[in-house]
>>> print(open('coords_14.cif').read())   # mmCIF, C-alpha atoms and all ligand atoms
data_my_file
loop_
_atom_site.label_atom_id
_atom_site.label_comp_id
_atom_site.auth_asym_id
_atom_site.auth_seq_id
_atom_site.Cartn_x
_atom_site.Cartn_y
_atom_site.Cartn_z
CA MET L 27 0.00 0.00 0.00
CA SER L 28 1.28 3.53 -0.72
CA ASP L 29 0.28 7.08 0.23
CA GLU L 30 -0.82 7.83 -3.30
CA VAL L 31 -4.55 8.51 -3.49
CA VAL L 32 -5.84 6.94 -6.71
CA LEU L 33 -9.47 7.82 -6.15
CA GLN L 34 -10.85 10.68 -4.09
CA ALA L 35 -14.43 11.72 -3.43
CA ARG L 36 -15.49 14.87 -1.64
CA GLY L 37 -18.97 15.79 -0.46
CA ILE L 38 -20.81 13.47 -2.83
CA VAL L 39 -24.54 14.09 -2.85
CA ARG L 40 -26.89 12.16 -5.11
CA GLU L 41 -30.54 12.96 -5.35
CA PHE L 42 -33.20 11.22 -7.41
CA GLN L 43 -36.52 12.72 -8.36
CA SER L 44 -39.28 10.34 -7.33
CA GLY L 45 -42.63 11.75 -8.41
CA THR L 46 -42.89 15.08 -6.64
CA GLU L 47 -40.37 14.07 -4.00
CA VAL L 48 -36.61 14.41 -4.04
CA LEU L 49 -34.87 11.34 -2.69
CA ARG L 50 -31.47 12.23 -1.17
CA VAL L 51 -29.64 8.90 -1.39
CA LEU L 52 -26.08 10.11 -0.69
CA LYS L 53 -25.71 12.94 1.80
CA GLY L 54 -22.16 14.19 1.42
CA VAL L 55 -19.83 11.21 1.13
CA SER L 56 -16.06 11.74 1.21
CA LEU L 57 -13.51 8.99 0.70
CA ASP L 58 -9.88 8.38 -0.27
CA LEU L 59 -8.75 5.14 -1.89
CA HIS L 60 -4.99 4.64 -1.83
CA GLN L 61 -2.87 2.72 -4.28
CA GLY L 62 -2.73 -0.97 -3.32
CA GLU L 63 -5.47 -0.72 -0.73
CA ILE L 64 -8.50 -3.01 -0.32
CA VAL L 65 -11.42 -1.05 1.13
CA GLY L 66 -14.84 -2.47 1.90
CA ILE L 67 -17.98 -0.37 2.22
CA PHE L 68 -20.72 -2.28 4.01
CA GLY L 69 -24.30 -1.43 4.70
CA PRO L 70 -27.82 -2.74 4.44
CA SER L 71 -29.73 -3.01 1.21
CA GLY L 72 -30.91 0.41 0.05
CA ALA L 73 -28.12 2.27 1.89
CA GLY L 74 -26.82 3.78 -1.34
CA LYS L 75 -23.81 1.50 -1.94
CA SER L 76 -24.44 0.86 -5.64
CA THR L 77 -25.28 4.51 -6.21
CA LEU L 78 -21.94 5.50 -4.66
CA LEU L 79 -19.98 2.89 -6.61
CA HIS L 80 -21.53 4.02 -9.88
CA ILE L 81 -20.49 7.61 -9.18
CA LEU L 82 -16.96 6.61 -8.12
CA GLY L 83 -16.78 4.55 -11.32
CA THR L 84 -17.92 7.58 -13.38
CA LEU L 85 -20.98 5.68 -14.64
CA ASP L 86 -23.22 8.26 -12.95
CA ARG L 87 -22.73 11.91 -11.97
CA PRO L 88 -23.23 13.29 -8.48
CA THR L 89 -25.80 15.99 -7.82
CA GLU L 90 -23.09 17.75 -5.79
CA GLY L 91 -19.48 17.02 -4.90
CA GLN L 92 -16.24 16.11 -6.63
CA VAL L 93 -14.52 12.95 -7.79
CA GLN L 94 -10.85 12.78 -8.70
CA ILE L 95 -9.29 9.71 -10.28
CA LEU L 96 -5.50 9.74 -10.57
CA GLY L 97 -5.66 13.51 -10.11
CA GLN L 98 -8.16 14.00 -12.94
CA ASN L 99 -11.73 15.24 -12.60
CA PRO L 100 -13.45 12.69 -14.86
CA PHE L 101 -16.58 14.79 -15.22
CA ASP L 102 -14.54 17.49 -17.00
CA LEU L 103 -14.11 15.06 -19.89
CA ASN L 104 -16.50 14.73 -22.82
CA ASP L 105 -18.26 11.38 -23.34
CA PRO L 106 -15.72 9.67 -25.65
CA GLU L 107 -12.83 10.91 -23.50
CA LEU L 108 -14.60 9.72 -20.36
CA SER L 109 -15.22 6.23 -21.83
CA ARG L 110 -11.57 5.93 -22.72
CA PHE L 111 -10.41 7.25 -19.35
CA ARG L 112 -12.76 4.86 -17.54
CA SER L 113 -11.59 1.82 -19.49
CA GLU L 114 -7.95 2.69 -18.80
CA THR L 115 -8.33 3.34 -15.09
CA ILE L 116 -11.18 1.25 -13.71
CA GLY L 117 -12.17 -2.40 -13.84
CA PHE L 118 -15.69 -3.34 -12.76
CA VAL L 119 -16.96 -6.56 -11.21
CA PHE L 120 -20.70 -6.77 -10.58
CA GLN L 121 -22.89 -9.31 -8.83
CA PHE L 122 -24.16 -10.50 -12.19
CA HIS L 123 -21.15 -11.00 -14.36
CA HIS L 124 -22.59 -9.43 -17.54
CA LEU L 125 -20.57 -11.66 -19.84
CA PHE L 126 -21.68 -11.97 -23.45
CA PRO L 127 -23.47 -15.35 -23.59
CA GLU L 128 -22.56 -16.05 -27.20
CA LEU L 129 -18.83 -15.48 -26.66
CA THR L 130 -16.39 -17.91 -25.07
CA ALA L 131 -14.49 -17.01 -21.90
CA LEU L 132 -11.46 -16.16 -24.02
CA GLU L 133 -13.47 -13.95 -26.38
CA ASN L 134 -15.16 -12.18 -23.47
CA VAL L 135 -11.74 -11.27 -22.02
CA MET L 136 -10.28 -10.40 -25.43
CA LEU L 137 -13.07 -7.98 -26.27
CA PRO L 138 -11.98 -4.97 -24.17
CA LEU L 139 -8.39 -5.51 -25.30
CA MET L 140 -9.42 -5.53 -28.96
CA LEU L 141 -11.54 -2.41 -28.44
CA GLN L 142 -8.40 -0.73 -27.10
CA GLY L 143 -6.45 -1.89 -30.14
CA VAL L 144 -4.05 -4.01 -28.08
CA PRO L 145 -2.06 -6.06 -30.65
CA ASP L 146 -1.47 -9.18 -28.54
CA ALA L 147 -5.05 -9.35 -27.23
CA ARG L 148 -5.31 -13.12 -27.50
CA ALA L 149 -2.07 -13.84 -25.64
CA ARG L 150 -2.96 -11.29 -22.94
CA ALA L 151 -6.44 -12.76 -22.51
CA GLU L 152 -5.01 -16.27 -22.26
CA ALA L 153 -2.52 -15.13 -19.60
CA LEU L 154 -5.32 -13.43 -17.62
CA LEU L 155 -7.53 -16.51 -17.70
CA GLU L 156 -4.58 -18.57 -16.55
CA GLU L 157 -4.07 -16.10 -13.70
CA VAL L 158 -7.65 -16.63 -12.50
CA GLY L 159 -7.24 -20.42 -12.79
CA LEU L 160 -9.36 -20.98 -15.90
CA GLN L 161 -6.73 -22.19 -18.36
CA ASP L 162 -8.82 -25.31 -19.03
CA ARG L 163 -12.07 -23.46 -19.55
CA MET L 164 -11.09 -20.77 -22.07
CA HIS L 165 -13.22 -22.04 -24.91
CA HIS L 166 -16.38 -22.52 -22.89
CA ARG L 167 -19.34 -20.15 -23.10
CA PRO L 168 -20.88 -18.70 -19.89
CA SER L 169 -23.74 -21.25 -19.97
CA GLU L 170 -21.11 -24.02 -19.82
CA LEU L 171 -19.39 -22.54 -16.75
CA SER L 172 -20.37 -22.43 -13.07
CA GLY L 173 -21.32 -19.17 -11.32
CA GLY L 174 -17.90 -19.02 -9.65
CA GLU L 175 -16.09 -19.65 -12.92
CA ASN L 176 -18.08 -16.97 -14.72
CA GLN L 177 -17.29 -14.52 -11.95
CA ARG L 178 -13.58 -15.30 -12.39
CA VAL L 179 -13.91 -14.68 -16.15
CA ALA L 180 -15.49 -11.33 -15.23
CA VAL L 181 -12.51 -10.55 -12.98
CA ALA L 182 -10.08 -11.44 -15.79
CA ARG L 183 -12.02 -9.16 -18.12
CA ALA L 184 -12.08 -6.34 -15.56
CA LEU L 185 -8.28 -6.59 -15.29
CA ALA L 186 -7.65 -6.85 -19.03
CA ASN L 187 -6.49 -3.25 -19.38
CA GLU L 188 -4.46 -3.45 -16.15
CA PRO L 189 -6.51 -0.77 -14.41
CA PRO L 190 -5.04 0.65 -11.18
CA ILE L 191 -8.53 0.56 -9.62
CA LEU L 192 -11.00 -2.31 -9.32
CA LEU L 193 -14.57 -1.55 -8.21
CA ALA L 194 -16.70 -4.49 -7.13
CA ASP L 195 -20.43 -4.32 -6.41
CA GLU L 196 -21.65 -7.28 -4.34
CA PRO L 197 -19.13 -9.50 -6.18
CA THR L 198 -19.88 -12.62 -4.15
CA GLY L 199 -23.64 -12.07 -4.08
CA ASN L 200 -24.34 -15.04 -6.30
CA LEU L 201 -21.66 -17.39 -5.02
CA ASP L 202 -21.66 -20.22 -2.49
CA SER L 203 -19.18 -19.92 0.35
CA ALA L 204 -16.43 -22.00 -1.35
CA ASN L 205 -16.56 -19.84 -4.48
CA GLU L 206 -16.83 -16.72 -2.34
CA GLU L 207 -13.54 -17.60 -0.63
CA ARG L 208 -11.91 -18.42 -3.91
CA LEU L 209 -12.93 -15.09 -5.43
CA LEU L 210 -11.70 -13.14 -2.40
CA ALA L 211 -8.39 -15.02 -2.49
CA LEU L 212 -8.11 -14.06 -6.14
CA PHE L 213 -8.73 -10.38 -5.34
CA GLN L 214 -6.10 -10.58 -2.63
CA ALA L 215 -3.54 -12.18 -4.96
CA LEU L 216 -4.18 -9.60 -7.67
CA ASN L 217 -3.89 -6.81 -5.14
CA GLU L 218 -0.55 -8.15 -3.91
CA ARG L 219 0.83 -8.96 -7.35
CA HIS L 220 -0.24 -5.82 -9.22
CA GLY L 221 -0.89 -3.27 -6.46
CA THR L 222 -4.46 -2.84 -7.70
CA ALA L 223 -6.56 -0.70 -5.38
CA ILE L 224 -9.83 -2.53 -4.73
CA LEU L 225 -13.07 -1.03 -3.47
CA ILE L 226 -15.85 -3.48 -2.66
CA VAL L 227 -19.39 -2.60 -1.66
CA SER L 228 -21.42 -5.36 -0.07
CA HIS L 229 -23.96 -6.20 2.59
CA ASN L 230 -21.97 -9.39 3.30
CA ARG L 231 -20.00 -8.83 6.51
CA ARG L 232 -17.93 -12.00 5.98
CA ILE L 233 -15.92 -10.05 3.41
CA GLN L 234 -14.77 -7.59 6.10
CA THR L 235 -11.92 -9.74 7.35
CA PHE L 236 -10.24 -9.62 4.00
CA CYS L 237 -10.33 -5.78 3.66
CA HIS L 238 -7.49 -3.52 4.79
CA ARG L 239 -10.02 -0.89 5.77
CA VAL L 240 -13.73 -1.11 6.46
CA LEU L 241 -16.32 1.66 6.17
CA TYR L 242 -20.07 1.66 6.69
CA LEU L 243 -22.78 3.38 4.69
CA LYS L 244 -26.12 3.93 6.31
CA ASP L 245 -28.85 6.25 5.08
CA GLY L 246 -26.43 7.90 2.68
CA VAL L 247 -23.79 8.71 5.33
CA LEU L 248 -20.36 7.05 5.41
CA SER L 249 -18.67 6.28 8.74
CA HIS L 250 -15.93 4.19 10.30
CA GLU L 251 -18.26 2.51 12.76
CA PRO L 252 -21.22 0.24 12.14
CA GLU L 253 -24.51 1.81 13.18
CA ASN L 254 -25.12 -1.30 15.24
CA ARG L 255 -23.48 -4.68 15.56
CA SER L 256 -26.33 -6.55 13.94
CA LEU L 257 -25.92 -4.94 10.51
P1 LIG B 1 -27.69 -0.44 -2.11
O1 LIG B 1 -26.70 -0.69 -3.22
O2 LIG B 1 -27.01 -0.05 -0.82
O3 LIG B 1 -28.66 -1.55 -1.91
P2 LIG B 1 -28.75 1.56 -3.91
O4 LIG B 1 -27.63 2.50 -4.15
O5 LIG B 1 -29.03 0.54 -4.98
O6 LIG B 1 -28.56 0.85 -2.50
O7 LIG B 1 -30.09 2.38 -3.68
C1 LIG B 1 -30.22 3.34 -2.66
C2 LIG B 1 -31.57 4.04 -2.78
O8 LIG B 1 -31.59 4.83 -3.95
C3 LIG B 1 -32.73 3.08 -2.87
O9 LIG B 1 -33.78 3.59 -2.10
C4 LIG B 1 -33.08 3.10 -4.34
O10 LIG B 1 -34.44 2.84 -4.55
C5 LIG B 1 -32.72 4.52 -4.73
N1 LIG B 1 -32.35 4.64 -6.15
C6 LIG B 1 -31.26 4.10 -6.73
N2 LIG B 1 -31.21 4.42 -8.05
C7 LIG B 1 -32.32 5.18 -8.30
C8 LIG B 1 -32.85 5.81 -9.47
N3 LIG B 1 -32.22 5.74 -10.64
N4 LIG B 1 -33.99 6.51 -9.33
C9 LIG B 1 -34.62 6.61 -8.14
N5 LIG B 1 -34.18 6.03 -6.99
C10 LIG B 1 -33.04 5.33 -7.08
#
>>> encode(input="coords_14.cif", output="C-alpha cells")
Amino acid sequence: MSDEVVLQARGIVREFQSGTEVLRVLKGVSLDLHQGEIVGIFGPSGAGKSTLLHILGTLDRPTEGQVQILGQNPFDLNDPELSRFRSETIGFVFQFHHLFPELTALENVMLPLMLQGVPDARARAEALLEEVGLQDRMHHRPSELSGGENQRVAVARALANEPPILLADEPTGNLDSANEERLLALFQALNERHGTAILIVSHNRRIQTFCHRVLYLKDGVLSHEPENRSL
C-alpha cells in the first residue's frame, strides 16, 4: 500500500426525483482510496452503496461534490474521452457478471483488449484466464461454466487493461461460500501482485476480514463505525 490517493471523493450528494419528492440517497460522502489498498464499504440493502460505486466509477454523476481519479476530474471530460479514461483506469466486477453469452471465456476477455487496439489481445487474454485459474475453460461459453467460474472470467475481463482501480459491487452475491472464498483469495492475490486498489461494496459482513479498511454506509452517510453490531 502507498500514500498515493488513486481515487478521491469529496462531499458526494446524489438525489433522485421520485414523483414530486426528491430522494437524497447520498448525503455528502467523502472517501480516499490509496494505491494498493483493499477497502470495503458495508451497509444494508438500500443504503446507497451501488449509487456511490456508480459515481466513483464515473458511470453516474453526483448531484453535488467532486470525484478525482489519478488527479483527474473525470466529469470534466467529454463522453468519448470519459469512456476511454474509464476503461484505462477502472475495472468493474458486478454481482451479475454481464458476460456476453454467445462469446467464449477467451473472447469475453479479449473484447476490451481488442476495443483498445491491443495487438497481442489473444495472448494477454489467455494469460489473464490462466491467472484466475481458468486455463482449461477458455473455450467454454458462460452457460457451460459455473457461477464461480463466470465470476472469475469477469474478474479477468475487468483486469484486461491493467486498471489501477478495481470496483466491485456485491461480487460474491451469487456465489456459495467455497466460491466466495476463492474469489476473495483471487482479489487478494491480484492486489498483492499488481498493487491494484480494490473497493468493494457489499452487505456481506464475511468479506470484512479480507479488507485492509472497512467503512459503513447507512442512510447515505459514510462512517468508520457500524450503526449497530447486527448490521
Ligand atoms: P444499495 O446498493 O445499498 O442496496 P442503492 O444505491 O441501490 O442501494 O439504492 C439506494 C436508494 O436509492 C434506494 O432507495 C433506491 O431505490 C434509490 N435509487 C437508486 N437508483 C435510483 C434511481 N435511478 N432513481 C430513483 N431512486 C433510485
>>> closest_atom_pairs(input="coords_14.cif", of="chain L", to="ligand LIG 1 (chain B)", cutoff="6 Å", atoms="all atoms listed in the file", output="CSV")
residue,atom,partner,partner_atom,distance
L:Phe42,CA,B:LIG1,C9,4.9
L:Val51,CA,B:LIG1,O8,5.2
L:Pro70,CA,B:LIG1,O2,6.0
L:Ser71,CA,B:LIG1,O3,3.6
L:Gly72,CA,B:LIG1,O6,3.5
L:Ala73,CA,B:LIG1,O2,3.7
L:Gly74,CA,B:LIG1,O4,3.2
L:Lys75,CA,B:LIG1,O2,3.7
L:Ser76,CA,B:LIG1,O1,3.7
L:Thr77,CA,B:LIG1,O4,3.7
>>> atom_distance(input="coords_14.cif", atom1="atom CA of Val55 of chain L", atom2="atom CA of His220 of chain L")
27.9 Å
>>> closest_residue(input="coords_14.cif", among="L:Gln43, L:Thr89, L:Gln61, L:Thr222", to="Glu30 of chain L", atoms="all atoms listed in the file")
L:Gln61
>>> residues_around(input="coords_14.cif", residues="segment 139-155 of chain L", least_positions_apart="6", cutoff="7 Å", atoms="all atoms listed in the file", output="ChimeraX atom specification")
/L:132,161,179,182,186-187
>>> write_last_selection(input="coords_14.cif", atoms="C-alpha atoms", output="PDB file, in the frame of the given file")
ATOM      1  CA  LEU L 132     -11.460 -16.160 -24.020  1.00  0.00           C
ATOM      2  CA  GLN L 161      -6.730 -22.190 -18.360  1.00  0.00           C
ATOM      3  CA  VAL L 179     -13.910 -14.680 -16.150  1.00  0.00           C
ATOM      4  CA  ALA L 182     -10.080 -11.440 -15.790  1.00  0.00           C
ATOM      5  CA  ALA L 186      -7.650  -6.850 -19.030  1.00  0.00           C
ATOM      6  CA  ASN L 187      -6.490  -3.250 -19.380  1.00  0.00           C
TER       7      ASN L 187
END
>>> atom_distance(input="coords_14.cif", atom1="atom CA of Ala223 of chain L", atom2="atom CA of Val39 of chain L")
23.4 Å
>>> closest_residue(input="coords_14.cif", among="L:Asp202, L:Glu156, L:Glu196, L:Asp29", to="Gly69 of chain L", atoms="all atoms listed in the file")
L:Glu196
>>> closest_residue(input="coords_14.cif", among="L:Leu129, L:Leu85, L:Leu192, L:Ile38", to="Gly221 of chain L", atoms="all atoms listed in the file")
L:Leu192
>>> atom_distance(input="coords_14.cif", atom1="atom CA of Phe122 of chain L", atom2="atom CA of Gly173 of chain L")
9.2 Å
>>> residues_around(input="coords_14.cif", residues="Asp86 of chain L", least_positions_apart="4", cutoff="10 Å", atoms="only C-alpha atoms", output="ChimeraX atom specification")
/L:40,77-82,101
>>> closest_residue(input="coords_14.cif", among="L:Leu212, L:Ile191, L:Ala35, L:Ala131", to="Pro88 of chain L", atoms="only C-alpha atoms")
L:Ala35
>>> residues_around(input="coords_14.cif", residues="Glu63 of chain L", least_positions_apart="4", cutoff="10 Å", atoms="all atoms listed in the file", output="PyMOL selection string")
chain L and resi 27-29+31-32+59+191+217-218+221-225+237-239
>>> build_atoms(input="coords_14.cif", residues="segment 126-146 of chain L", atoms="N, CA and C atoms", output="CSV table (one decimal), in the coordinates of the input")
chain,number,residue,atom,x,y,z
L,126,PHE,N,-20.9,-11.7,-22.2
L,126,PHE,CA,-21.7,-12.0,-23.4
L,126,PHE,C,-21.9,-13.5,-23.6
L,127,PRO,N,-23.2,-13.9,-23.6
L,127,PRO,CA,-23.5,-15.4,-23.6
L,127,PRO,C,-23.0,-16.1,-24.8
L,128,GLU,N,-22.9,-15.4,-26.0
L,128,GLU,CA,-22.6,-16.0,-27.2
L,128,GLU,C,-21.1,-16.1,-27.4
L,129,LEU,N,-20.3,-15.5,-26.5
L,129,LEU,CA,-18.8,-15.5,-26.7
L,129,LEU,C,-18.2,-16.5,-25.6
L,130,THR,N,-17.1,-17.0,-26.0
L,130,THR,CA,-16.4,-17.9,-25.1
L,130,THR,C,-15.7,-17.0,-24.0
L,131,ALA,N,-15.2,-17.7,-23.0
L,131,ALA,CA,-14.5,-17.0,-21.9
L,131,ALA,C,-13.3,-16.2,-22.5
L,132,LEU,N,-12.6,-16.8,-23.4
L,132,LEU,CA,-11.5,-16.2,-24.0
L,132,LEU,C,-11.9,-14.9,-24.8
L,133,GLU,N,-13.0,-15.1,-25.6
L,133,GLU,CA,-13.5,-14.0,-26.4
L,133,GLU,C,-14.0,-12.8,-25.5
L,134,ASN,N,-14.7,-13.2,-24.4
L,134,ASN,CA,-15.2,-12.2,-23.5
L,134,ASN,C,-14.0,-11.3,-22.9
L,135,VAL,N,-12.9,-12.0,-22.6
L,135,VAL,CA,-11.7,-11.3,-22.0
L,135,VAL,C,-11.0,-10.5,-23.1
L,136,MET,N,-11.0,-11.1,-24.3
L,136,MET,CA,-10.3,-10.4,-25.4
L,136,MET,C,-11.0,-9.1,-25.9
L,137,LEU,N,-12.3,-9.1,-25.7
L,137,LEU,CA,-13.1,-8.0,-26.3
L,137,LEU,C,-12.6,-6.6,-25.8
L,138,PRO,N,-12.4,-6.3,-24.5
L,138,PRO,CA,-12.0,-5.0,-24.2
L,138,PRO,C,-10.6,-4.7,-24.7
L,139,LEU,N,-9.8,-5.7,-24.8
L,139,LEU,CA,-8.4,-5.5,-25.3
L,139,LEU,C,-8.4,-5.1,-26.8
L,140,MET,N,-9.3,-5.8,-27.5
L,140,MET,CA,-9.4,-5.5,-29.0
L,140,MET,C,-10.0,-4.1,-29.2
L,141,LEU,N,-11.0,-3.8,-28.3
L,141,LEU,CA,-11.5,-2.4,-28.4
L,141,LEU,C,-10.5,-1.3,-28.2
L,142,GLN,N,-9.5,-1.7,-27.4
L,142,GLN,CA,-8.4,-0.7,-27.1
L,142,GLN,C,-7.3,-0.8,-28.2
L,143,GLY,N,-7.5,-1.7,-29.1
L,143,GLY,CA,-6.4,-1.9,-30.1
L,143,GLY,C,-5.2,-2.5,-29.7
L,144,VAL,N,-5.3,-3.3,-28.6
L,144,VAL,CA,-4.0,-4.0,-28.1
L,144,VAL,C,-3.7,-5.1,-29.1
L,145,PRO,N,-2.4,-5.1,-29.6
L,145,PRO,CA,-2.1,-6.1,-30.6
L,145,PRO,C,-2.0,-7.5,-30.2
L,146,ASP,N,-1.6,-7.8,-29.0
L,146,ASP,CA,-1.5,-9.2,-28.5
L,146,ASP,C,-2.6,-9.6,-27.6
